[in-house]
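See below for run03.cif, which holds mmCIF, N, CA and C atoms.
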```cif
data_target
loop_
_atom_site.label_atom_id
_atom_site.label_comp_id
_atom_site.auth_asym_id
_atom_site.auth_seq_id
_atom_site.Cartn_x
_atom_site.Cartn_y
_atom_site.Cartn_z
N MET A 815 0.84 -1.17 0.00
CA MET A 815 0.00 0.00 0.00
C MET A 815 0.89 1.24 0.00
N ALA A 816 0.54 2.24 -0.75
CA ALA A 816 1.32 3.47 -0.83
C ALA A 816 1.18 4.27 0.46
N ALA A 817 2.17 5.11 0.73
CA ALA A 817 2.11 5.99 1.90
C ALA A 817 1.03 7.05 1.65
N ILE A 818 0.33 7.39 2.72
CA ILE A 818 -0.77 8.34 2.61
C ILE A 818 -0.61 9.39 3.70
N SER A 819 -0.91 10.64 3.35
CA SER A 819 -0.87 11.73 4.33
C SER A 819 -2.20 11.78 5.06
N PHE A 820 -2.14 12.01 6.36
CA PHE A 820 -3.35 12.07 7.17
C PHE A 820 -3.50 13.42 7.83
N LEU A 821 -4.56 14.13 7.51
CA LEU A 821 -4.88 15.35 8.23
C LEU A 821 -5.64 14.95 9.48
N ASN A 822 -5.28 15.55 10.57
CA ASN A 822 -5.88 15.22 11.85
C ASN A 822 -6.03 16.51 12.65
N SER A 823 -6.54 16.40 13.85
CA SER A 823 -6.78 17.60 14.67
C SER A 823 -5.50 18.38 14.92
N LEU A 824 -4.39 17.69 15.10
CA LEU A 824 -3.11 18.36 15.32
C LEU A 824 -2.70 19.13 14.06
N SER A 825 -2.83 18.53 12.89
CA SER A 825 -2.51 19.20 11.63
C SER A 825 -3.41 20.41 11.41
N PHE A 826 -4.69 20.27 11.73
CA PHE A 826 -5.63 21.38 11.55
C PHE A 826 -5.27 22.54 12.48
N ALA A 827 -4.90 22.25 13.72
CA ALA A 827 -4.51 23.31 14.66
C ALA A 827 -3.27 24.04 14.14
N PHE A 828 -2.26 23.29 13.66
CA PHE A 828 -1.07 23.92 13.09
C PHE A 828 -1.43 24.78 11.89
N SER A 829 -2.37 24.34 11.07
CA SER A 829 -2.72 25.11 9.88
C SER A 829 -3.37 26.44 10.25
N GLU A 830 -4.14 26.47 11.32
CA GLU A 830 -4.76 27.73 11.76
C GLU A 830 -3.71 28.73 12.24
N ILE A 831 -2.66 28.23 12.84
CA ILE A 831 -1.59 29.11 13.33
C ILE A 831 -0.71 29.57 12.18
N THR A 832 -0.46 28.70 11.23
CA THR A 832 0.48 28.96 10.14
C THR A 832 -0.12 29.76 9.00
N GLY A 833 -1.37 29.47 8.65
CA GLY A 833 -2.00 30.06 7.47
C GLY A 833 -2.50 31.47 7.71
N ARG A 834 -3.07 32.03 6.67
CA ARG A 834 -3.66 33.38 6.72
C ARG A 834 -5.06 33.32 6.10
N SER A 835 -5.85 34.29 6.48
CA SER A 835 -7.16 34.41 5.82
C SER A 835 -7.33 35.83 5.35
N TYR A 836 -7.80 35.95 4.13
CA TYR A 836 -8.01 37.26 3.50
C TYR A 836 -9.48 37.47 3.21
N GLY A 837 -10.28 37.54 4.21
CA GLY A 837 -11.70 37.77 3.99
C GLY A 837 -12.43 36.49 3.63
N GLY A 838 -13.66 36.42 4.05
CA GLY A 838 -14.47 35.25 3.77
C GLY A 838 -14.11 34.03 4.60
N GLY A 839 -13.05 34.14 5.41
CA GLY A 839 -12.66 33.04 6.28
C GLY A 839 -11.89 31.92 5.61
N VAL A 840 -11.55 32.08 4.32
CA VAL A 840 -10.83 31.03 3.59
C VAL A 840 -9.35 31.08 3.98
N MET A 841 -8.78 29.90 4.28
CA MET A 841 -7.36 29.81 4.63
C MET A 841 -6.52 29.81 3.36
N THR A 842 -5.40 30.54 3.41
CA THR A 842 -4.42 30.50 2.32
C THR A 842 -3.04 30.27 2.93
N PHE A 843 -2.17 29.69 2.12
CA PHE A 843 -0.83 29.36 2.58
C PHE A 843 0.19 29.69 1.51
N GLU A 844 1.30 30.23 1.94
CA GLU A 844 2.47 30.37 1.07
C GLU A 844 3.20 29.03 1.10
N PRO A 845 4.00 28.73 0.08
CA PRO A 845 4.72 27.44 0.09
C PRO A 845 5.56 27.24 1.35
N THR A 846 6.21 28.26 1.84
CA THR A 846 7.03 28.10 3.04
C THR A 846 6.17 27.86 4.28
N GLU A 847 4.94 28.37 4.27
CA GLU A 847 4.03 28.15 5.40
C GLU A 847 3.54 26.69 5.41
N ILE A 848 3.27 26.16 4.25
CA ILE A 848 2.80 24.77 4.14
C ILE A 848 3.84 23.82 4.72
N GLU A 849 5.12 24.13 4.51
CA GLU A 849 6.19 23.27 5.02
C GLU A 849 6.16 23.16 6.54
N GLU A 850 5.58 24.15 7.22
CA GLU A 850 5.54 24.17 8.69
C GLU A 850 4.45 23.29 9.28
N ILE A 851 3.46 22.93 8.48
CA ILE A 851 2.33 22.14 8.98
C ILE A 851 2.74 20.67 9.08
N GLN A 852 2.54 20.11 10.25
CA GLN A 852 2.89 18.72 10.49
C GLN A 852 1.78 17.80 9.97
N ILE A 853 2.07 17.08 8.90
CA ILE A 853 1.12 16.13 8.34
C ILE A 853 1.80 14.77 8.29
N PRO A 854 1.41 13.86 9.15
CA PRO A 854 2.07 12.55 9.19
C PRO A 854 1.80 11.73 7.92
N ILE A 855 2.80 11.01 7.51
CA ILE A 855 2.68 10.11 6.37
C ILE A 855 2.96 8.70 6.89
N LEU A 856 1.97 7.83 6.77
CA LEU A 856 2.09 6.47 7.28
C LEU A 856 1.69 5.48 6.21
N THR A 857 2.10 4.26 6.40
CA THR A 857 1.75 3.23 5.43
C THR A 857 0.72 2.24 5.96
N ASP A 858 0.66 2.04 7.27
CA ASP A 858 -0.22 0.99 7.80
C ASP A 858 -1.12 1.52 8.91
N LEU A 859 -2.31 1.88 8.55
CA LEU A 859 -3.33 2.25 9.53
C LEU A 859 -4.61 1.53 9.16
N ASP A 860 -5.38 1.17 10.17
CA ASP A 860 -6.65 0.48 9.94
C ASP A 860 -7.75 1.52 9.72
N ILE A 861 -7.80 2.06 8.50
CA ILE A 861 -8.78 3.08 8.15
C ILE A 861 -9.46 2.67 6.85
N ASP A 862 -10.76 2.81 6.81
CA ASP A 862 -11.54 2.53 5.60
C ASP A 862 -11.53 3.79 4.73
N PHE A 863 -10.68 3.81 3.71
CA PHE A 863 -10.53 5.00 2.88
C PHE A 863 -11.77 5.31 2.06
N ASP A 864 -12.54 4.32 1.72
CA ASP A 864 -13.80 4.58 1.02
C ASP A 864 -14.76 5.35 1.93
N GLN A 865 -14.78 4.98 3.20
CA GLN A 865 -15.62 5.69 4.16
C GLN A 865 -15.14 7.14 4.32
N ILE A 866 -13.83 7.33 4.44
CA ILE A 866 -13.26 8.67 4.56
C ILE A 866 -13.62 9.50 3.34
N ASP A 867 -13.46 8.92 2.15
CA ASP A 867 -13.79 9.62 0.91
C ASP A 867 -15.25 10.04 0.89
N ALA A 868 -16.13 9.13 1.26
CA ALA A 868 -17.57 9.43 1.26
C ALA A 868 -17.90 10.55 2.25
N LEU A 869 -17.28 10.52 3.42
CA LEU A 869 -17.54 11.56 4.42
C LEU A 869 -17.01 12.92 3.96
N ILE A 870 -15.84 12.94 3.34
CA ILE A 870 -15.29 14.20 2.84
C ILE A 870 -16.21 14.77 1.77
N ARG A 871 -16.71 13.93 0.88
CA ARG A 871 -17.61 14.40 -0.17
C ARG A 871 -18.90 14.97 0.40
N LYS A 872 -19.29 14.49 1.57
CA LYS A 872 -20.49 15.02 2.25
C LYS A 872 -20.15 16.18 3.18
N ARG A 873 -18.86 16.58 3.18
CA ARG A 873 -18.36 17.68 4.02
C ARG A 873 -18.55 17.41 5.51
N LYS A 874 -18.36 16.17 5.90
CA LYS A 874 -18.49 15.77 7.31
C LYS A 874 -17.10 15.64 7.92
N ILE A 875 -16.40 16.78 7.99
CA ILE A 875 -15.01 16.78 8.41
C ILE A 875 -14.84 16.34 9.86
N GLU A 876 -15.79 16.67 10.72
CA GLU A 876 -15.68 16.24 12.13
C GLU A 876 -15.69 14.72 12.23
N GLU A 877 -16.51 14.06 11.42
CA GLU A 877 -16.54 12.59 11.44
C GLU A 877 -15.24 12.01 10.91
N VAL A 878 -14.68 12.65 9.87
CA VAL A 878 -13.39 12.21 9.34
C VAL A 878 -12.32 12.35 10.42
N LEU A 879 -12.31 13.49 11.10
CA LEU A 879 -11.33 13.70 12.17
C LEU A 879 -11.49 12.68 13.29
N ASP A 880 -12.73 12.33 13.62
CA ASP A 880 -12.96 11.31 14.66
C ASP A 880 -12.26 9.99 14.28
N ILE A 881 -12.44 9.58 13.04
CA ILE A 881 -11.87 8.31 12.58
C ILE A 881 -10.35 8.38 12.51
N VAL A 882 -9.82 9.44 11.89
CA VAL A 882 -8.38 9.55 11.72
C VAL A 882 -7.68 9.79 13.05
N ASP A 883 -8.25 10.65 13.89
CA ASP A 883 -7.64 10.90 15.21
C ASP A 883 -7.57 9.62 16.04
N GLU A 884 -8.62 8.82 15.98
CA GLU A 884 -8.63 7.56 16.73
C GLU A 884 -7.53 6.62 16.24
N ALA A 885 -7.44 6.45 14.93
CA ALA A 885 -6.45 5.52 14.37
C ALA A 885 -5.03 6.05 14.49
N LEU A 886 -4.84 7.32 14.18
CA LEU A 886 -3.49 7.88 14.11
C LEU A 886 -2.97 8.38 15.45
N LEU A 887 -3.72 9.27 16.07
CA LEU A 887 -3.22 9.90 17.29
C LEU A 887 -3.35 9.01 18.51
N ILE A 888 -4.49 8.31 18.62
CA ILE A 888 -4.71 7.50 19.83
C ILE A 888 -4.06 6.13 19.70
N ARG A 889 -4.46 5.34 18.70
CA ARG A 889 -3.93 3.97 18.60
C ARG A 889 -2.47 3.93 18.15
N HIS A 890 -2.10 4.76 17.16
CA HIS A 890 -0.74 4.67 16.63
C HIS A 890 0.29 5.44 17.47
N HIS A 891 -0.07 6.65 17.91
CA HIS A 891 0.89 7.49 18.64
C HIS A 891 0.69 7.49 20.15
N GLY A 892 -0.40 6.93 20.65
CA GLY A 892 -0.59 6.81 22.08
C GLY A 892 -1.11 8.04 22.79
N PHE A 893 -1.68 8.99 22.05
CA PHE A 893 -2.32 10.13 22.69
C PHE A 893 -3.54 9.64 23.46
N SER A 894 -3.88 10.32 24.53
CA SER A 894 -5.11 9.98 25.25
C SER A 894 -6.29 10.65 24.55
N LYS A 895 -7.49 10.17 24.84
CA LYS A 895 -8.70 10.78 24.27
C LYS A 895 -8.80 12.23 24.74
N ASN A 896 -8.45 12.51 25.98
CA ASN A 896 -8.49 13.90 26.49
C ASN A 896 -7.52 14.79 25.74
N GLU A 897 -6.33 14.28 25.42
CA GLU A 897 -5.37 15.08 24.65
C GLU A 897 -5.89 15.38 23.25
N VAL A 898 -6.48 14.38 22.63
CA VAL A 898 -7.04 14.58 21.29
C VAL A 898 -8.21 15.56 21.35
N ASP A 899 -9.05 15.45 22.36
CA ASP A 899 -10.15 16.40 22.53
C ASP A 899 -9.63 17.81 22.72
N SER A 900 -8.52 17.96 23.44
CA SER A 900 -7.91 19.28 23.63
C SER A 900 -7.40 19.84 22.31
N LEU A 901 -6.75 18.99 21.51
CA LEU A 901 -6.28 19.44 20.20
C LEU A 901 -7.44 19.87 19.31
N ARG A 902 -8.50 19.09 19.35
CA ARG A 902 -9.68 19.44 18.55
C ARG A 902 -10.27 20.77 19.01
N ALA A 903 -10.32 20.98 20.32
CA ALA A 903 -10.86 22.23 20.86
C ALA A 903 -10.00 23.42 20.45
N ILE A 904 -8.68 23.23 20.43
CA ILE A 904 -7.78 24.30 19.98
C ILE A 904 -8.07 24.64 18.52
N TRP A 905 -8.14 23.62 17.67
CA TRP A 905 -8.44 23.86 16.27
C TRP A 905 -9.80 24.55 16.12
N TRP A 906 -10.80 24.07 16.83
CA TRP A 906 -12.14 24.62 16.72
C TRP A 906 -12.15 26.10 17.11
N LYS A 907 -11.51 26.42 18.21
CA LYS A 907 -11.47 27.81 18.68
C LYS A 907 -10.77 28.71 17.67
N LEU A 908 -9.63 28.27 17.17
CA LEU A 908 -8.89 29.08 16.20
C LEU A 908 -9.66 29.22 14.89
N SER A 909 -10.29 28.15 14.43
CA SER A 909 -11.03 28.24 13.17
C SER A 909 -12.26 29.13 13.31
N GLN A 910 -12.94 29.05 14.45
CA GLN A 910 -14.10 29.91 14.67
C GLN A 910 -13.70 31.38 14.75
N ARG A 911 -12.55 31.64 15.35
CA ARG A 911 -12.04 33.01 15.42
C ARG A 911 -11.81 33.54 14.00
N ARG A 912 -11.19 32.72 13.15
CA ARG A 912 -10.93 33.13 11.77
C ARG A 912 -12.23 33.33 11.00
N ILE A 913 -13.13 32.41 11.11
CA ILE A 913 -14.40 32.48 10.39
C ILE A 913 -15.25 33.65 10.85
N ASN A 914 -15.27 33.91 12.14
CA ASN A 914 -16.11 34.99 12.67
C ASN A 914 -15.53 36.37 12.44
N ARG A 915 -14.26 36.46 12.09
CA ARG A 915 -13.65 37.75 11.78
C ARG A 915 -14.30 38.43 10.59
N ARG A 916 -14.84 37.64 9.69
CA ARG A 916 -15.46 38.21 8.49
C ARG A 916 -16.79 38.88 8.76
N LYS A 917 -17.37 38.63 9.91
CA LYS A 917 -18.72 39.16 10.22
C LYS A 917 -18.65 40.57 10.73
#
```

Using the file provided, produce a representation of the structure as structure tokens.
Amino acid sequence: MAAISFLNSLSFAFSEITGRSYGGGVMTFEPTEIEEIQIPILTDLDIDFDQIDALIRKRKIEEVLDIVDEALLIRHHGFSKNEVDSLRAIWWKLSQRRINRRK
């Protein structure tokens, strides 16, 4: 199986700190900023990629994060559920701050 990049709550939190938004709440990144975002690349995780694809197409990012965070951060890296919840809360707070700035 080919190596695959996994976006997770930790990656999303880094992206909020690293990226910029220019109105409308849309994130943009310069090439050097993208290099700063930690996106793990793994070869063996127990994830149903068809399910992930279907959820992304339905824009159910929270459900995707639940699945990927469980497999990657908790089972693979040993984070606790509380730590993952804290990372998700950080991302959520930063993203809401960015999105609400446009109002």

Open item on the list: Would you compute the distance between atom N of Asp860 (chain A) and CA of Glu877 (chain A)? Give it in Å to one decimal.
Closed with: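 Computed distance, atom N of Asp860 (chain A) to CA of Glu877 (chain A), equals 16.0 Å.
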
Task: Picked residues, the PyMOL selection byres ((chain A and resi 878) around 8), as a ChimeraX atom specification - done: /A:821-823,865-867,869-870,873-877,879-884

Task: Expected selection from the PyMOL selection byres ((chain A and resi 830-833) around 6.5), given as number ranges by chain - done: A: 825-829, 834-835, 841-844, 847, 908-909

Those same residues - N, CA and C atoms - I'd like them written as a compact mmCIF listing (two decimals), in the coordinates of the input.
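Resulting contents of selection-v3.txt:
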```txt
# COMPACT_ATOMS: atom_id res chain seq x y z
N SER A 825 -2.83 18.53 12.89
CA SER A 825 -2.51 19.20 11.63
C SER A 825 -3.41 20.41 11.41
N PHE A 826 -4.69 20.27 11.73
CA PHE A 826 -5.63 21.38 11.55
C PHE A 826 -5.27 22.54 12.48
N ALA A 827 -4.90 22.25 13.72
CA ALA A 827 -4.51 23.31 14.66
C ALA A 827 -3.27 24.04 14.14
N PHE A 828 -2.26 23.29 13.66
CA PHE A 828 -1.07 23.92 13.09
C PHE A 828 -1.43 24.78 11.89
N SER A 829 -2.37 24.34 11.07
CA SER A 829 -2.72 25.11 9.88
C SER A 829 -3.37 26.44 10.25
N ARG A 834 -3.07 32.03 6.67
CA ARG A 834 -3.66 33.38 6.72
C ARG A 834 -5.06 33.32 6.10
N SER A 835 -5.85 34.29 6.48
CA SER A 835 -7.16 34.41 5.82
C SER A 835 -7.33 35.83 5.35
N MET A 841 -8.78 29.90 4.28
CA MET A 841 -7.36 29.81 4.63
C MET A 841 -6.52 29.81 3.36
N THR A 842 -5.40 30.54 3.41
CA THR A 842 -4.42 30.50 2.32
C THR A 842 -3.04 30.27 2.93
N PHE A 843 -2.17 29.69 2.12
CA PHE A 843 -0.83 29.36 2.58
C PHE A 843 0.19 29.69 1.51
N GLU A 844 1.30 30.23 1.94
CA GLU A 844 2.47 30.37 1.07
C GLU A 844 3.20 29.03 1.10
N GLU A 847 4.94 28.37 4.27
CA GLU A 847 4.03 28.15 5.40
C GLU A 847 3.54 26.69 5.41
N LEU A 908 -9.63 28.27 17.17
CA LEU A 908 -8.89 29.08 16.20
C LEU A 908 -9.66 29.22 14.89
N SER A 909 -10.29 28.15 14.43
CA SER A 909 -11.03 28.24 13.17
C SER A 909 -12.26 29.13 13.31
```

Task: Expected answer as a PyMOL selection string: alpha helix (DSSP H) residues in chain A - done: chain A and resi 823-832+845-848+863-871+875-882+895-914

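Atom C of Pro845 (chain A) sits 28.7 Å away from atom C of Leu859 (chain A).
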
Open item on the list: Using only C-alpha atoms for the distances, tell me which of A:Arg871, A:Arg889, A:Leu824, A:Gly839 is nearest to Ala903 (chain A).
Closed with: A:Leu824

- [ ] Report the residues of chain A whose backbone DSSP state falls under strand (DSSP E or B), written as a ChimeraX atom specification.
- [x] /A:818-819,834-835,841-842,855-856

Need the axis-aligned box for region 856-872 of chain A with 8 Å each side, so what are the centre and edges in Å to one decimal, as lines of an AutoDock Vina configuration file?
```
center_x = -9.2
center_y = 8.3
center_z = 5.0
size_x = 38.6
size_y = 31.7
size_z = 26.3
```

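Checking A:Ala885, A:Arg915, A:Glu849, A:Gln910 one by one against Val898 (chain A), counting only C-alpha atoms, you find the shortest gap at A:Ala885.
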
Open item on the list: Could you tell me how far atom N of Asp862 (chain A) sits from atom C of His891 (chain A), in Å to one decimal place?
Closed with: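 Here the two named atoms are 18.2 Å from each other.
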
TODO: Quick one: apply the PyMOL selection byres ((chain A and resi 853) around 7) to the file and drop the selected residues here as a list in words.
DONE: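 When the PyMOL selection byres ((chain A and resi 853) around 7) is applied, the selected residues are Ser819, Phe820, Leu821, Asn822, Ser825, Glu850, Ile851, Gln852, Pro854 and Ile855 of chain A.
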
Written record: region 843-891 of chain A, C-alpha atoms, as a PDB file, in the first residue's frame:
```pdb
ATOM      1  CA  PHE A 843      -0.831  29.361   2.582  1.00  0.00           C
ATOM      2  CA  GLU A 844       2.467  30.371   1.065  1.00  0.00           C
ATOM      3  CA  PRO A 845       4.719  27.443   0.089  1.00  0.00           C
ATOM      4  CA  THR A 846       7.034  28.100   3.044  1.00  0.00           C
ATOM      5  CA  GLU A 847       4.029  28.145   5.398  1.00  0.00           C
ATOM      6  CA  ILE A 848       2.802  24.774   4.140  1.00  0.00           C
ATOM      7  CA  GLU A 849       6.188  23.271   5.021  1.00  0.00           C
ATOM      8  CA  GLU A 850       5.543  24.171   8.686  1.00  0.00           C
ATOM      9  CA  ILE A 851       2.332  22.140   8.984  1.00  0.00           C
ATOM     10  CA  GLN A 852       2.891  18.717  10.487  1.00  0.00           C
ATOM     11  CA  ILE A 853       1.119  16.130   8.339  1.00  0.00           C
ATOM     12  CA  PRO A 854       2.068  12.550   9.186  1.00  0.00           C
ATOM     13  CA  ILE A 855       2.684  10.108   6.372  1.00  0.00           C
ATOM     14  CA  LEU A 856       2.093   6.471   7.281  1.00  0.00           C
ATOM     15  CA  THR A 857       1.746   3.232   5.430  1.00  0.00           C
ATOM     16  CA  ASP A 858      -0.219   0.992   7.797  1.00  0.00           C
ATOM     17  CA  LEU A 859      -3.329   2.246   9.533  1.00  0.00           C
ATOM     18  CA  ASP A 860      -6.647   0.485   9.943  1.00  0.00           C
ATOM     19  CA  ILE A 861      -8.777   3.077   8.151  1.00  0.00           C
ATOM     20  CA  ASP A 862     -11.542   2.533   5.604  1.00  0.00           C
ATOM     21  CA  PHE A 863     -10.526   4.996   2.883  1.00  0.00           C
ATOM     22  CA  ASP A 864     -13.801   4.579   1.017  1.00  0.00           C
ATOM     23  CA  GLN A 865     -15.624   5.691   4.160  1.00  0.00           C
ATOM     24  CA  ILE A 866     -13.261   8.672   4.558  1.00  0.00           C
ATOM     25  CA  ASP A 867     -13.788   9.623   0.915  1.00  0.00           C
ATOM     26  CA  ALA A 868     -17.571   9.429   1.256  1.00  0.00           C
ATOM     27  CA  LEU A 869     -17.537  11.561   4.416  1.00  0.00           C
ATOM     28  CA  ILE A 870     -15.288  14.198   2.837  1.00  0.00           C
ATOM     29  CA  ARG A 871     -17.608  14.403  -0.174  1.00  0.00           C
ATOM     30  CA  LYS A 872     -20.485  15.018   2.245  1.00  0.00           C
ATOM     31  CA  ARG A 873     -18.362  17.678   4.016  1.00  0.00           C
ATOM     32  CA  LYS A 874     -18.492  15.774   7.310  1.00  0.00           C
ATOM     33  CA  ILE A 875     -15.012  16.782   8.412  1.00  0.00           C
ATOM     34  CA  GLU A 876     -15.681  16.241  12.130  1.00  0.00           C
ATOM     35  CA  GLU A 877     -16.543  12.594  11.444  1.00  0.00           C
ATOM     36  CA  VAL A 878     -13.385  12.208   9.338  1.00  0.00           C
ATOM     37  CA  LEU A 879     -11.330  13.698  12.166  1.00  0.00           C
ATOM     38  CA  ASP A 880     -12.957  11.311  14.658  1.00  0.00           C
ATOM     39  CA  ILE A 881     -11.874   8.314  12.576  1.00  0.00           C
ATOM     40  CA  VAL A 882      -8.376   9.551  11.716  1.00  0.00           C
ATOM     41  CA  ASP A 883      -7.637  10.896  15.206  1.00  0.00           C
ATOM     42  CA  GLU A 884      -8.632   7.562  16.735  1.00  0.00           C
ATOM     43  CA  ALA A 885      -6.455   5.521  14.373  1.00  0.00           C
ATOM     44  CA  LEU A 886      -3.488   7.875  14.110  1.00  0.00           C
ATOM     45  CA  LEU A 887      -3.218   9.903  17.287  1.00  0.00           C
ATOM     46  CA  ILE A 888      -4.711   7.498  19.829  1.00  0.00           C
ATOM     47  CA  ARG A 889      -3.931   3.971  18.601  1.00  0.00           C
ATOM     48  CA  HIS A 890      -0.740   4.674  16.629  1.00  0.00           C
ATOM     49  CA  HIS A 891       0.893   7.486  18.636  1.00  0.00           C
TER      50      HIS A 891
END
```
